[in-house]
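Take a look at the structure set out below.
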Amino acid sequence: MWTVAKLEVEDLRWSWVVIAVAAGILGLLVLPPIYLFFLAAVIGFSGMSMFSTRTHRTSGATFASIGLGMLIPASAALVLQGINSL
């Protein structure tokens with residue numbers, strides 16, 4: 001059931017990353033950046049754990065790609081929010 005395969009860059013679905021970046025930018029209009037960051041982290045970590053099973057490798061790579069794509073605008077917004085608070 002569990003394999004030792006690692007999730008590498010070649011396994012990511014780059015079209016899903018681009019879609020998730022756009023969804024993350026739109027999500028920043030609705031959610032605070034910290035909530036979006038935690039949501040993206042949960043999606044990404046669940047994708048990485050799904051990737052390690054034999055039966056759900058493709059869906060795990062998709063979830064990890066979505067999590068990575070949503071982390072990009074969320075972390076950029078958190079950095080800007082932290083700089084503005086100085």
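Identifiers in the structure tokens: chain A, B, ... in order shown; residue index from 1 per chain; ligand index from 1 in order shown.
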
Long-range neighbours of Phe45 (chain A) as JSON, numbers by chain, 9 Å cut-off, only C-alpha atoms, 5 positions minimum in chain: {"A": [40, 50, 63, 64, 67]}

Applying 12 Å and only C-alpha atoms, which residues near Ala74 (chain A) remain after dropping the ones on its own chain fewer than 4 positions away? List them as a PyMOL selection string. chain A and resi 20-29+31-41+67-70+78-81

Given only C-alpha atoms as the basis, pick out the residue of A:Ala61, A:Ile43, A:Val30, A:Ala77 nearest to Glu8 (chain A). A:Ala61

Residue contacts of Trp16 (chain A) (7 Å, only C-alpha atoms) excluding same-chain residues fewer than 6 positions away, as a list of chain:residue names: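 Returned residues: A:Thr62, A:Ser65, A:Ile66.
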
Based on DSSP run over this structure's backbone, return all residues of region 4-78 of chain A in alpha helix (DSSP H), as JSON, numbers by chain. {"A": [14, 15, 16, 17, 18, 19, 20, 21, 22, 23, 24, 25, 26, 27, 28, 29, 30, 33, 34, 35, 36, 37, 38, 39, 40, 41, 42, 43, 44, 45, 46, 47, 48, 49, 50, 51, 57, 58, 59, 60, 61, 62, 63, 64, 65, 66, 67, 68, 69, 70, 71, 72, 73, 74, 75, 76, 77, 78]}
